[in-house]
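Structure first, then comments.
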Amino acid sequence: IVVATLVGPVLGLRVRRAQWLGLFGGAAGVVLVVTSQSAEGGTGVAAYLFPLLAMACLIAGTFIDRRSPSRLPVLTTLTVHVCVTSAALILASL
């Protein structure tokens, strides 16, 4: 939803109504899952901060990628994403 909101002013793209409906449907599902899991208690602040940080990184990466003039093949982009994510997760697990 953040990307869809910012994509117009930042990239000059338009989000269609069907896309908005899908985004809000997905967000409603996330809210349902998070609230059902948080009712159990014992959830630390990091359990919410790490996913928020991950989403912020994905949003930043999306805008950087879309603003760059070069277009890489999807397989190359996916390989870079997987390698960077793997390295970050290995460091976090240590």
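Quick note on naming: the chains in the structure tokens go A, B, ... in the order shown, residues restart at 1 in each chain, and ligands are numbered from 1 in order of appearance.
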*Mind listing the helix (DSSP H, G or I) residues of stretch 3-94 of chain A, per DSSP on the backbone, as an NGL selection string?*
:A and (3-11 or 17-38 or 46-67 or 74-93)
*asked:* So that I can see what lies close to stretch 60-71 of chain A, please list as a PyMOL selection string the residues with an atom at most 10 Å from it, counting only C-alpha atoms and leaving out residues fewer than 6 positions away in the same chain.
replied: chain A and resi 3+6-7+10-11+54+77+81
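Atom CA of A:Tyr48 is positioned 18.4 Å from atom CA of A:Thr85.
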*Grab the atom CA of A:Met55 to atom CA of A:Thr35 distance for me, in Å with one decimal place.*
18.6 Å
_Here is a test: counting only C-alpha atoms, which residue of A:Gln37, A:Pro9, A:Ile1, A:Ala47 is nearest to A:Phe24?_
A:Ile1
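Nearest-residue note for A:Phe50: choosing from A:Cys83, A:Ala18, A:Leu89, A:Leu23, the minimum distance belongs to A:Leu89, counting only C-alpha atoms.
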